[in-house]
Amino acid sequence: MLSLPKKLITVLLYYFFQLSAVEIGRLFDIPRSTIQYRLARYFLSMIICSLNSIIT
């Protein structure tokens, strides 16, 4: 799991292991706001990918 990008690990920990943004931040020793930003960016990229697949 350590070879995965930190953004992907963040999403996995949040959704599959049900850790809070605060708990994930403590694991990575980074602010909660950074975790929330990563999650928001992931959602945005998933929405854009979904829209692209619908349009094309």
# chains A, B, ... in the order shown; residues from 1 in each chain; ligands from 1

call {"tool": "select_by_dssp", "arguments": {"residues": "range 2-33 of chain A", "states": "helix (DSSP H, G or I)", "output": "number ranges by chain"}}
result
A: 6-15, 21-28, 32-33

call {"tool": "residues_around", "arguments": {"residues": "Val22 in chain A", "least_positions_apart": "5", "cutoff": "10 Å", "atoms": "only C-alpha atoms", "output": "list in words"}}
result
Leu27, Asp29, Ile30, Pro31, Arg32, Ser33, Thr34, Ile35 and Gln36 of chain A

call {"tool": "write_last_selection", "arguments": {"atoms": "all heavy atoms", "output": "short mmCIF file (atom, residue, chain, number, x, y, z; two decimals), in the first residue's frame"}}
result
data_model
loop_
_atom_site.label_atom_id
_atom_site.label_comp_id
_atom_site.auth_asym_id
_atom_site.auth_seq_id
_atom_site.Cartn_x
_atom_site.Cartn_y
_atom_site.Cartn_z
N LEU A 27 -2.27 10.14 10.63
CA LEU A 27 -1.43 9.07 10.06
C LEU A 27 -0.33 9.64 9.17
O LEU A 27 0.81 9.17 9.18
CB LEU A 27 -2.28 8.11 9.23
CG LEU A 27 -3.16 7.14 9.99
CD1 LEU A 27 -4.05 6.37 9.03
CD2 LEU A 27 -2.32 6.18 10.80
N ASP A 29 0.60 12.83 9.21
CA ASP A 29 1.16 14.02 9.86
C ASP A 29 1.00 15.27 8.98
O ASP A 29 1.95 16.01 8.73
CB ASP A 29 2.64 13.79 10.21
CG ASP A 29 3.16 14.82 11.20
OD1 ASP A 29 2.35 15.34 12.01
OD2 ASP A 29 4.36 15.13 11.16
N ILE A 30 -0.23 15.43 8.49
CA ILE A 30 -0.58 16.61 7.68
C ILE A 30 -1.93 17.15 8.18
O ILE A 30 -2.68 16.43 8.84
CB ILE A 30 -0.66 16.29 6.17
CG1 ILE A 30 -1.62 15.14 5.90
CG2 ILE A 30 0.70 15.98 5.60
CD1 ILE A 30 -1.79 14.81 4.44
N PRO A 31 -2.24 18.40 7.87
CA PRO A 31 -3.49 18.99 8.36
C PRO A 31 -4.74 18.32 7.80
O PRO A 31 -4.73 17.78 6.68
CB PRO A 31 -3.42 20.45 7.88
CG PRO A 31 -2.00 20.68 7.53
CD PRO A 31 -1.42 19.36 7.16
N ARG A 32 -5.81 18.38 8.58
CA ARG A 32 -7.11 17.86 8.16
C ARG A 32 -7.56 18.50 6.87
O ARG A 32 -8.13 17.85 6.00
CB ARG A 32 -8.14 18.11 9.27
CG ARG A 32 -9.57 17.80 8.88
CD ARG A 32 -10.57 18.50 9.80
NE ARG A 32 -10.30 19.89 10.05
CZ ARG A 32 -10.65 20.89 9.25
NH1 ARG A 32 -11.29 20.65 8.14
NH2 ARG A 32 -10.36 22.13 9.55
N SER A 33 -7.29 19.78 6.71
CA SER A 33 -7.72 20.50 5.50
C SER A 33 -7.07 19.93 4.24
O SER A 33 -7.68 19.91 3.18
CB SER A 33 -7.41 21.99 5.63
OG SER A 33 -6.03 22.20 5.84
N THR A 34 -5.85 19.43 4.36
CA THR A 34 -5.18 18.81 3.22
C THR A 34 -5.90 17.52 2.82
O THR A 34 -6.09 17.25 1.64
CB THR A 34 -3.71 18.50 3.55
OG1 THR A 34 -3.06 19.72 3.91
CG2 THR A 34 -2.99 17.86 2.38
N ILE A 35 -6.33 16.76 3.81
CA ILE A 35 -7.07 15.53 3.54
C ILE A 35 -8.40 15.87 2.87
O ILE A 35 -8.77 15.24 1.87
CB ILE A 35 -7.32 14.74 4.85
CG1 ILE A 35 -6.00 14.34 5.51
CG2 ILE A 35 -8.21 13.53 4.59
CD1 ILE A 35 -5.08 13.51 4.64
N GLN A 36 -9.09 16.86 3.38
CA GLN A 36 -10.36 17.26 2.78
C GLN A 36 -10.17 17.75 1.34
O GLN A 36 -10.98 17.46 0.47
CB GLN A 36 -11.03 18.34 3.63
CG GLN A 36 -11.53 17.79 4.94
CD GLN A 36 -12.11 18.85 5.83
OE1 GLN A 36 -11.57 19.95 5.91
NE2 GLN A 36 -13.19 18.52 6.51
#

call {"tool": "residues_around", "arguments": {"residues": "Leu12 in chain A", "least_positions_apart": "3", "cutoff": "12 Å", "atoms": "only C-alpha atoms", "output": "list in words"}}
result
Met1, Leu4, Pro5, Lys6, Lys7, Leu8, Ile9, Tyr15, Phe16, Phe17, Gln18, Leu19, Ser20, Ala21, Ile24, Ile35, Arg38, Leu39 and Tyr42 of chain A

call {"tool": "closest_residue", "arguments": {"among": "A:Ser50, A:Ser45, A:Thr56, A:Thr10", "to": "Phe28 in chain A", "atoms": "only C-alpha atoms"}}
result
A:Thr10

call {"tool": "atom_distance", "arguments": {"atom1": "CA of Leu13 in chain A", "atom2": "CA of Ser53 in chain A"}}
result
26.6 Å
